[in-house]
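File shown: upload-v9.txt. Contents: compact mmCIF, C-alpha atoms.
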# COMPACT_ATOMS: atom_id res chain seq x y z
CA LEU A 162 68.50 79.75 121.39
CA LEU A 163 67.78 81.13 117.91
CA LYS A 164 64.54 82.69 119.10
CA GLU A 165 66.17 84.25 122.16
CA ASN A 166 68.94 85.88 120.15
CA TYR A 167 66.49 87.09 117.52
CA VAL A 168 64.16 88.68 120.09
CA VAL A 169 67.07 90.55 121.72
CA ARG A 170 68.01 92.14 118.40
CA GLN A 171 64.41 92.68 117.30
CA LYS A 172 63.84 95.05 120.22
CA SER A 173 66.31 97.53 118.72
CA ASP A 174 65.66 96.60 115.06
CA ARG A 175 69.17 95.21 114.71
CA PRO A 176 69.70 92.33 112.27
CA PHE A 177 70.22 88.81 113.58
CA ILE A 178 72.92 87.35 111.33
CA PHE A 179 74.11 83.74 111.41
CA LEU A 180 75.96 81.46 109.00
CA LEU A 181 74.59 78.10 107.90
CA HIS A 182 76.65 75.30 106.42
CA PRO A 183 74.73 72.95 104.06
CA SER A 184 75.42 70.03 106.38
CA ILE A 185 73.79 71.91 109.26
CA ILE A 186 70.77 72.84 107.15
CA SER A 187 70.15 69.25 106.10
CA GLU A 188 70.53 67.90 109.61
CA HIS A 189 68.38 70.54 111.32
CA ALA A 190 65.94 71.49 108.56
CA ASP A 191 62.88 71.19 110.82
CA VAL A 192 64.39 73.55 113.41
CA LEU A 193 65.25 76.09 110.72
CA HIS A 194 61.73 75.94 109.23
CA GLN A 195 60.23 76.52 112.69
CA PHE A 196 62.52 79.49 113.26
CA ILE A 197 61.65 81.05 109.89
CA GLU A 198 57.95 80.70 110.68
CA PHE A 199 58.52 82.28 114.10
CA VAL A 200 60.29 85.26 112.51
CA ARG A 201 57.45 85.80 110.04
CA MET A 202 54.79 85.49 112.76
CA THR A 203 56.53 88.22 114.77
CA GLY A 204 56.66 90.62 111.82
CA GLY A 205 60.21 89.95 110.68
CA GLU A 206 61.70 88.59 107.49
CA CYS A 207 64.47 86.17 106.61
CA LEU A 208 66.91 87.39 104.00
CA SER A 209 70.04 86.13 102.34
CA PHE A 210 73.14 88.24 102.87
CA ASP A 211 72.82 89.68 99.35
CA GLN A 212 69.19 90.58 99.96
CA TYR A 213 70.08 92.29 103.24
CA VAL A 214 72.88 94.32 101.62
CA HIS A 215 70.51 95.38 98.83
CA LYS A 216 67.92 96.51 101.34
CA MET A 217 70.42 98.47 103.41
CA THR A 218 71.90 100.19 100.35
CA ALA A 219 68.61 101.10 98.72
CA PRO A 220 68.13 104.86 98.08
CA SER A 221 66.27 106.66 100.86
CA SER A 222 64.65 110.04 101.38
CA ALA A 223 67.12 112.86 100.83
CA ARG A 224 67.49 114.96 103.95
CA ILE A 225 70.06 117.73 103.63
CA ALA A 226 70.88 119.46 106.91
CA ILE A 227 73.11 122.38 107.84
CA GLU A 228 74.02 124.36 110.95
CA ILE A 229 73.25 128.09 110.98
CA ASP A 230 74.58 130.20 113.83
CA THR A 231 72.40 133.25 114.51
CA ARG A 232 75.00 134.48 117.02
CA VAL A 233 77.22 135.51 114.10
CA PRO A 234 77.22 139.34 113.70
CA ASP A 235 75.48 140.84 110.65
CA LEU A 236 73.71 137.66 109.59
CA ASP A 237 71.57 138.56 106.58
CA ILE A 238 68.29 136.74 107.19
CA ASP A 239 66.79 137.13 103.69
CA THR A 240 70.00 136.03 101.95
CA THR A 241 70.36 133.07 104.31
CA ILE A 242 66.80 131.93 103.65
CA GLN A 243 67.27 132.22 99.89
CA ASP A 244 70.55 130.26 100.03
CA ILE A 245 68.82 127.50 101.97
CA LEU A 246 65.91 127.31 99.55
CA ASN A 247 68.20 127.26 96.51
CA LEU A 248 69.95 124.17 97.84
CA ASP A 249 66.82 122.32 98.98
CA ILE A 250 67.94 122.23 102.62
CA THR A 251 65.42 120.23 104.65
CA ASP A 252 66.77 120.59 108.19
CA VAL A 253 68.54 123.41 110.03
CA TYR A 254 70.52 122.92 113.24
CA LEU A 255 70.53 126.11 115.30
CA PRO A 256 73.01 126.56 118.20
CA VAL A 257 71.06 127.83 121.21
CA ILE A 258 73.80 128.32 123.83
CA GLU A 259 75.47 131.70 124.33
CA GLU A 260 79.17 132.12 125.15
CA LYS A 261 78.18 132.68 128.79
CA GLY A 262 76.68 129.20 128.82
CA ASP A 263 73.00 130.11 128.97
CA SER A 264 70.28 129.70 126.38
CA VAL A 265 70.02 132.33 123.63
CA PHE A 266 66.43 132.76 124.73
CA ASP A 267 65.68 135.18 127.54
CA ALA A 268 62.87 133.41 129.37
CA ASN A 269 61.14 136.57 130.60
CA GLU A 270 61.15 138.30 127.21
CA VAL A 271 59.98 135.15 125.45
CA ARG A 272 57.15 134.70 127.89
CA ALA A 273 56.06 138.33 127.67
CA SER A 274 55.84 138.26 123.87
CA ASN A 275 54.47 134.72 123.58
CA GLY A 276 57.66 133.57 121.90
CA HIS A 277 57.61 136.09 119.04
CA HIS A 278 60.13 138.92 118.70
CA GLN A 279 59.25 140.59 115.42
CA GLY A 280 62.39 142.73 115.53
CA ASP A 281 64.72 139.99 116.68
CA ASP A 282 66.91 138.28 114.06
CA LEU A 283 66.65 134.93 115.79
CA PHE A 284 62.85 134.80 115.81
CA THR A 285 62.64 136.34 112.36
CA LEU A 286 64.80 133.52 111.01
CA LEU A 287 62.88 130.87 112.95
CA GLY A 288 59.57 132.20 111.66
CA LYS A 289 60.67 132.27 108.02
CA LEU A 290 62.17 128.79 108.21
CA LYS A 291 58.87 127.52 109.60
CA GLU A 292 56.95 129.23 106.82
CA GLU A 293 59.07 127.41 104.25
CA GLY A 294 58.44 124.03 105.90
CA ILE A 295 62.07 123.56 106.95
CA LYS A 296 62.58 121.56 110.15
CA ILE A 297 64.46 123.41 112.90
CA HIS A 298 66.55 121.62 115.51
CA ALA A 299 67.96 123.30 118.62
CA SER A 300 71.65 122.37 118.84
CA ILE A 301 73.05 121.94 122.36
CA PRO A 302 76.76 121.35 123.19
CA VAL A 303 76.17 118.96 126.08
CA LEU A 304 79.58 118.83 127.76
CA GLN A 305 81.39 121.80 126.25
CA ASN A 306 80.51 124.82 128.37
CA ARG A 307 83.41 127.16 129.05
CA ALA A 308 81.39 129.56 131.21
CA LEU A 309 80.03 126.91 133.57
CA ALA A 310 83.31 124.98 133.75
CA SER A 311 85.22 128.16 134.61
CA ALA A 312 82.68 129.45 137.12
CA LYS A 313 82.20 126.07 138.80
CA PRO A 314 85.45 124.08 138.46
CA GLU A 315 83.96 121.35 140.64
CA TYR A 316 81.66 120.58 137.69
CA ALA A 317 84.56 120.29 135.24
CA MET A 318 86.68 117.40 134.02
CA ALA A 319 90.29 116.93 135.12
CA ASP A 320 93.14 115.12 133.42
CA GLY A 321 95.44 112.53 134.96
CA ASN A 322 97.70 115.27 136.35
CA GLY A 323 94.80 116.91 138.16
CA THR A 324 94.56 119.89 135.79
CA ILE A 325 90.98 121.16 135.70
CA SER A 326 89.49 121.72 132.25
CA ALA A 327 88.32 125.26 131.50
CA THR A 328 85.90 123.95 128.88
CA TRP A 329 84.57 120.46 129.54
CA LEU A 330 81.95 119.43 132.10
CA SER A 331 82.20 116.07 133.82
CA PRO A 332 79.42 113.83 132.41
CA SER A 333 79.03 111.94 135.68
CA HIS A 334 78.53 115.10 137.75
CA PRO A 335 74.80 115.53 138.57
CA GLN A 336 75.01 119.16 137.43
CA ALA A 337 75.75 118.09 133.84
CA SER A 338 72.44 116.24 133.69
CA ARG A 339 70.55 119.04 135.48
CA HIS A 340 71.98 121.70 133.18
CA LEU A 341 71.06 119.70 130.06
CA LYS A 342 67.53 119.20 131.35
CA GLU A 343 67.10 122.90 132.15
CA ILE A 344 68.40 124.01 128.75
CA ILE A 345 66.06 121.63 126.91
CA GLN A 346 63.07 122.81 128.96
CA THR A 347 63.91 126.46 128.25
CA VAL A 348 64.33 125.79 124.53
CA LEU A 349 61.08 123.85 124.25
CA ASN A 350 59.19 126.63 126.04
CA ALA A 351 60.70 129.27 123.77
CA PHE A 352 59.76 127.96 120.34
CA GLU A 353 58.09 125.09 118.48
CA PHE A 354 61.31 123.33 117.52
CA ASP A 355 61.13 120.15 115.45
CA GLY A 356 64.03 118.55 117.25
CA ILE A 357 66.82 118.70 119.81
CA HIS A 358 70.32 118.04 118.49
CA LEU A 359 73.11 117.08 120.92
CA THR A 360 76.74 117.91 120.15
CA HIS A 361 79.95 117.46 122.20
CA LEU A 362 78.44 114.39 123.80
CA TYR A 363 81.76 112.73 124.54
CA TYR A 364 84.97 112.77 126.55
CA PRO A 365 87.66 114.79 124.69
CA SER A 366 90.14 111.91 125.05
CA LEU A 367 91.15 108.98 127.25
CA GLN A 368 93.16 111.46 129.33
CA TYR A 369 89.85 112.54 130.89
CA GLU A 370 88.11 112.32 133.27
CA TYR A 371 90.27 111.85 136.39
CA SER A 372 88.81 114.27 138.89
CA LEU A 373 88.68 112.76 142.37
CA ALA A 374 84.91 113.25 142.35
CA GLU A 375 84.43 111.19 139.17
CA LEU A 376 86.81 108.48 140.35
CA GLY A 377 84.87 108.35 143.60
CA ARG A 378 81.58 107.91 141.72
CA PHE A 379 83.15 105.12 139.64
CA LYS A 380 84.46 103.43 142.79
CA LYS A 381 81.03 103.59 144.43
CA ASP A 382 79.07 102.38 141.39
CA GLU A 383 81.45 99.47 140.79
CA GLU A 384 81.71 98.67 144.52
CA LEU A 385 85.52 98.74 144.48
CA THR A 386 87.81 99.03 147.49
CA PHE A 387 91.01 100.79 146.38
CA ALA A 388 92.32 103.71 148.45
CA ASP A 389 91.12 107.12 147.22
CA GLU A 390 94.67 108.48 147.01
CA ASP A 391 95.60 105.64 144.63
CA ALA A 392 92.63 106.13 142.30
CA VAL A 393 94.43 107.99 139.48
CA SER A 394 97.03 105.25 139.11
CA VAL A 395 94.87 102.22 139.95
CA VAL A 396 91.74 102.87 137.87
CA PRO A 397 93.25 102.99 134.34
CA THR A 398 95.41 99.94 135.01
CA ASP A 399 93.72 97.47 137.36
CA HIS A 400 90.16 98.42 136.38
CA TYR A 401 90.54 99.55 132.77
CA VAL A 402 87.74 97.46 131.21
CA ASN A 403 85.19 98.45 133.85
CA TRP A 404 86.42 102.04 133.68
CA VAL A 405 85.89 102.56 129.95
CA SER A 406 82.52 100.80 130.11
CA TRP A 407 81.45 103.03 133.00
CA ARG A 408 82.59 106.14 131.10
CA SER A 409 80.41 105.11 128.13
CA ASN A 410 77.45 104.68 130.47
CA GLN A 411 77.85 108.28 131.64
CA ILE A 412 77.59 109.51 128.04
CA THR A 413 74.59 107.28 127.36
CA ASN A 414 72.86 108.50 130.54
CA LEU A 415 72.97 112.08 129.25
CA ALA A 416 71.21 111.00 126.04
CA LYS A 417 68.67 109.24 128.23
CA THR A 418 68.17 112.44 130.24
CA ALA A 419 67.50 114.38 127.04
CA ALA A 420 65.01 111.78 125.80
CA GLU A 421 63.15 111.71 129.12
CA THR A 422 63.03 115.51 129.30
CA ILE A 423 61.46 115.68 125.84
CA SER A 424 59.01 112.90 126.69
CA ASN A 425 57.97 114.59 129.94
CA SER A 426 57.32 117.83 128.05
CA GLY A 427 54.55 116.13 126.09
CA ARG A 428 56.20 117.11 122.80
CA THR A 429 56.78 114.62 119.98
CA ILE A 430 59.99 115.84 118.37
CA GLU A 431 63.19 114.31 117.07
CA LEU A 432 66.19 113.75 119.33
CA SER A 433 69.45 113.55 117.42
CA ALA A 434 73.15 113.63 118.23
CA ALA A 435 76.41 114.17 116.38
CA LEU A 436 78.66 111.17 116.99
CA ILE A 437 82.26 110.58 115.98
CA THR A 438 82.78 108.26 113.02
CA GLU A 439 85.90 106.63 114.42
CA ALA A 440 84.00 105.52 117.53
CA LEU A 441 81.82 103.44 115.22
CA ILE A 442 84.67 101.83 113.30
CA ASN A 443 87.43 101.46 115.90
CA PHE A 444 86.86 100.22 119.45
CA ARG A 445 89.84 102.26 120.69
CA TYR A 446 87.98 105.43 119.75
CA LEU A 447 84.90 104.14 121.56
CA GLU A 448 87.09 103.77 124.63
CA SER A 449 88.51 107.28 124.23
CA PHE A 450 85.30 109.19 123.53
CA GLY A 451 82.82 107.01 125.41
CA GLN A 452 80.33 106.89 122.53
CA ASP A 453 78.60 103.50 122.39
CA TYR A 454 76.45 103.63 119.26
CA ARG A 455 74.32 100.65 120.24
CA ALA A 456 73.47 102.02 123.68
CA LEU A 457 72.92 105.59 122.45
CA SER A 458 70.57 104.46 119.68
CA GLU A 459 68.08 103.36 122.31
CA TYR A 460 67.41 107.02 123.11
CA LEU A 461 68.16 108.78 119.81
CA ASP A 462 65.87 109.04 116.80
CA THR A 463 68.68 110.17 114.50
CA ILE A 464 72.45 109.83 114.61
CA ALA A 465 74.69 112.14 112.58
CA VAL A 466 78.03 110.45 111.97
CA LEU A 467 80.85 112.99 111.90
CA PRO A 468 84.60 112.68 111.33
CA GLU A 469 86.64 113.59 114.42
CA ASN A 470 87.15 117.37 114.69
CA GLY A 471 86.16 117.89 111.07
CA VAL A 472 89.04 115.75 109.76
CA PRO A 473 88.11 113.91 106.52
CA ILE A 474 87.20 110.27 107.00
CA GLU A 475 90.16 107.98 106.42
CA ASP A 476 90.20 106.13 103.10
CA ASN A 477 89.23 102.83 104.67
CA PHE A 478 86.22 104.48 106.32
CA SER A 479 84.16 104.52 103.12
CA VAL A 480 80.52 105.53 103.25
CA PRO A 481 79.27 101.96 102.64
CA THR A 482 81.55 100.70 105.43
CA ILE A 483 80.28 103.33 107.83
CA ILE A 484 76.64 102.61 107.02
CA ALA A 485 77.03 98.84 107.21
CA ASN A 486 78.69 99.11 110.63
CA ALA A 487 76.12 101.63 111.82
CA HIS A 488 73.03 99.65 110.83
CA ALA A 489 74.40 96.57 112.57
CA LEU A 490 74.53 98.59 115.80
CA ILE A 491 71.74 101.17 115.66
CA GLY A 492 69.01 99.22 113.86
CA SER A 493 66.25 101.48 112.52
CA THR A 494 67.63 104.69 114.05
CA THR A 495 67.97 107.22 111.21
CA LEU A 496 71.55 107.76 110.05
CA MET A 497 72.89 111.06 108.70
CA ILE A 498 76.39 111.31 107.21
CA GLY A 499 78.49 114.38 107.90
CA VAL A 500 80.24 115.71 104.81
CA PRO A 501 83.98 116.12 105.60
CA GLY A 502 86.47 118.46 104.03
CA GLY A 503 86.04 121.82 105.73
CA THR A 504 84.84 123.77 108.73
CA SER A 505 82.20 125.92 107.02
CA THR A 506 79.90 126.03 104.03
CA ASN A 507 79.51 129.24 102.07
CA LEU A 508 76.13 128.69 100.44
CA LYS A 509 76.63 131.78 98.32
CA VAL A 510 79.30 129.99 96.24
CA VAL A 511 78.27 126.35 96.62
CA GLU A 512 76.48 125.02 93.54
CA LYS A 513 73.44 122.82 93.93
CA ASP A 514 75.19 120.18 91.79
CA ALA A 515 78.02 120.08 94.35
CA ILE A 516 75.54 119.24 97.09
CA ILE A 517 74.01 116.54 94.91
CA ASP A 518 77.46 115.08 94.21
CA SER A 519 78.14 114.98 97.97
CA PHE A 520 74.87 113.13 98.40
CA VAL A 521 75.51 110.43 95.78
CA ASP A 522 77.48 108.05 98.00
CA VAL A 523 75.05 108.57 100.84
CA SER A 524 71.85 108.10 98.86
CA TYR A 525 72.83 104.86 97.18
CA SER A 526 74.16 103.48 100.45
CA GLY A 527 70.91 103.77 102.34
CA SER A 528 71.63 106.71 104.65
CA GLY A 529 68.92 109.11 105.74
CA GLY A 530 70.79 112.12 104.38
CA ILE A 531 73.82 114.39 104.78
CA LEU A 532 74.87 117.04 107.27
CA LEU A 533 76.85 119.88 105.69
CA PRO A 534 79.57 121.87 107.50
CA PRO A 535 78.24 124.99 109.29
CA TYR A 536 76.90 127.87 107.19
CA ASP A 537 79.32 130.76 106.79

I need this file expressed as structure tokens, please.
Amino acid sequence: LLKENYVVRQKSDRPFIFLLHPSIISEHADVLHQFIEFVRMTGGECLSFDQYVHKMTAPSSARIAIEIDTRVPDLDIDTTIQDILNLDITDVYLPVIEEKGDSVFDANEVRASNGHHQGDDLFTLLGKLKEEGIKIHASIPVLQNRALASAKPEYAMADGNGTISATWLSPSHPQASRHLKEIIQTVLNAFEFDGIHLTHLYYPSLQYEYSLAELGRFKKDEELTFADEDAVSVVPTDHYVNWVSWRSNQITNLAKTAAETISNSGRTIELSAALITEALINFRYLESFGQDYRALSEYLDTIAVLPENGVPIEDNFSVPTIIANAHALIGSTTLMIGVPGGTSTNLKVVEKDAIIDSFVDVSYSGSGGILLPPYD
């Protein structure tokens, strides 16, 4: 039984933790010795709780990431680059979806010029970031697409009253997966990005998604027999546990689609996602947003933990608490901590010492780095 439980967790690099009373150790010493030898033979290690905490809170490499939106008018490329260099930024997340819902890259123009627009601000910035050795990640808002939701309301979410969202796509609708796949393919063909970063990979609340189409897909997948006209009232009451689990699976499946699309492209790049902190700490938030850290970590290389809607993390959600909870669920998946306390970062007035101060809690707690608010 010990071996079976250990192997399950070993597959995702999650720790196998169990408590031993002295009386149990003395009575089953031979079994424990055999288990310790098995762990060592399979490349693992046995640690005391104190040793494990020390390992998880050891300082790690300092990645400092920030989002830069090239869609902002009058973006000064040279000043932006200098600001980034002054603060030792290592990773840049670049939104690649226009307001109309398409990629910022025009496929025909990109193809004609082999991906280089010398006079285009976007490609000028990309080129200079590459020259400086800064990693560039294409940021994609997976389910937030006002243009597509408005143009094709059948693709959109609906609340319990039947009101169609003008912003959010239904994660279970096949078009959500197809659109994500197409965007990733376009982005990868446009430029040598170092990563794909997924945002808005969640349900906006537990009030969504109640479109008849989604309820029908849930009914079919779960092999249920309630009448279609009763779905809105029956699902969240009689089938609540299955419902919230199924919703989480829809979110996880989109991360899986992204991972498979990258793999099929032949590229070896990082896949990351911004996840909501509260969904890690509180199961009720997991139910609301559909973000299952453990399941998502199977497809993500890096997880950026962010407070909900930019709201500062509650006092009891300390950095060590967040990291301890995260590592127990995501194993060796890299963890980035979003810095709360604002909606934008003006690098022109932010001192380097301020960035270092923000990183202190993260670095001693064993995180992979910090993600600053968007550049302004």

Box dimensions and centre (Å, one decimal) enclosing segment 393-403 of chain A, axis-aligned, 8 Å extra per side, as AutoDock Vina command-line options:
--center_x 91.1 --center_y 102.7 --center_z 135.6 --size_x 27.8 --size_y 26.5 --size_z 24.7

Mind pulling up the distance from atom CA of Asp252 of chain A to atom CA of Lys296 of chain A?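 According to the coordinates, atom CA of Lys296 of chain A and atom CA of Asp252 of chain A are separated by 4.7 Å.
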
Would you mind listing what lies within 10 Å of Ser406 of chain A as a PyMOL selection string, with all atoms listed in the file counted and same-chain residues fewer than 4 positions away left out? chain A and resi 401-402+410-411+447-448+451-453

Separation of atom CA of Ser338 of chain A and atom CA of Leu304 of chain A, in Å?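 Rounded to one decimal, the two atoms are 9.6 Å apart.
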
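Those residues that approach His400 of chain A to within 12 Å, counting all atoms listed in the file, are A:Leu376, A:Phe379, A:Lys380, A:Glu383, A:Glu384, A:Leu385, A:Thr386, A:Phe387, A:Ala392, A:Val393, A:Ser394, A:Val395, A:Val396, A:Pro397, A:Thr398, A:Val402, A:Asn403, A:Trp404, A:Val405, A:Ser406, A:Trp407; same-chain residues fewer than 2 positions away are not listed.
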
Hey, can you pull every residue with an atom no more than 12 Å from (70.7, 96.4, 118.3), using all atoms listed in the file, and send it as a ChimeraX atom specification? /A:166-178,453-459,486-494

For atom CA of Phe199 of chain A and atom CA of Asp211 of chain A, determine how far apart the two atoms are, in Å to one decimal place. 21.8 Å

Give me the residues near Ile357 of chain A as a ChimeraX atom specification, where near means some atom within 12 Å (using all atoms listed in the file) and where sequence neighbours in that chain fewer than 6 positions away do not count. /A:252-257,296-303,341-342,344-349,416,419-420,422-424,428-435,461-464

Each segment 362-386 of chain A residue no farther than 10 Å from segment 310-322 of chain A, nearest pair in Å, all atoms listed in the file, as a Markdown table:
| residue | atom | partner | partner_atom | distance |
| --- | --- | --- | --- | --- |
| A:Tyr364 | CA | A:Met318 | CA | 9.0 |
| A:Pro365 | CA | A:Met318 | CA | 9.7 |
| A:Ser366 | CA | A:Asp320 | CA | 9.5 |
| A:Leu367 | CA | A:Asp320 | CA | 8.9 |
| A:Gln368 | CA | A:Asp320 | CA | 5.5 |
| A:Tyr369 | CA | A:Asp320 | CA | 4.9 |
| A:Glu370 | CA | A:Met318 | CA | 5.3 |
| A:Tyr371 | CA | A:Ala319 | CA | 5.2 |
| A:Ser372 | CA | A:Ala319 | CA | 4.8 |
| A:Leu373 | CA | A:Ala319 | CA | 8.5 |
| A:Ala374 | CA | A:Glu315 | CA | 8.3 |
| A:Glu375 | CA | A:Met318 | CA | 8.4 |

For Lys291 of chain A, which residue out of A:Leu236, A:Ile185, A:Val480, A:Ile242 is the nearest one, using all atoms listed in the file?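 Residue with the minimum atom-to-atom distance to Lys291 of chain A: A:Ile242.
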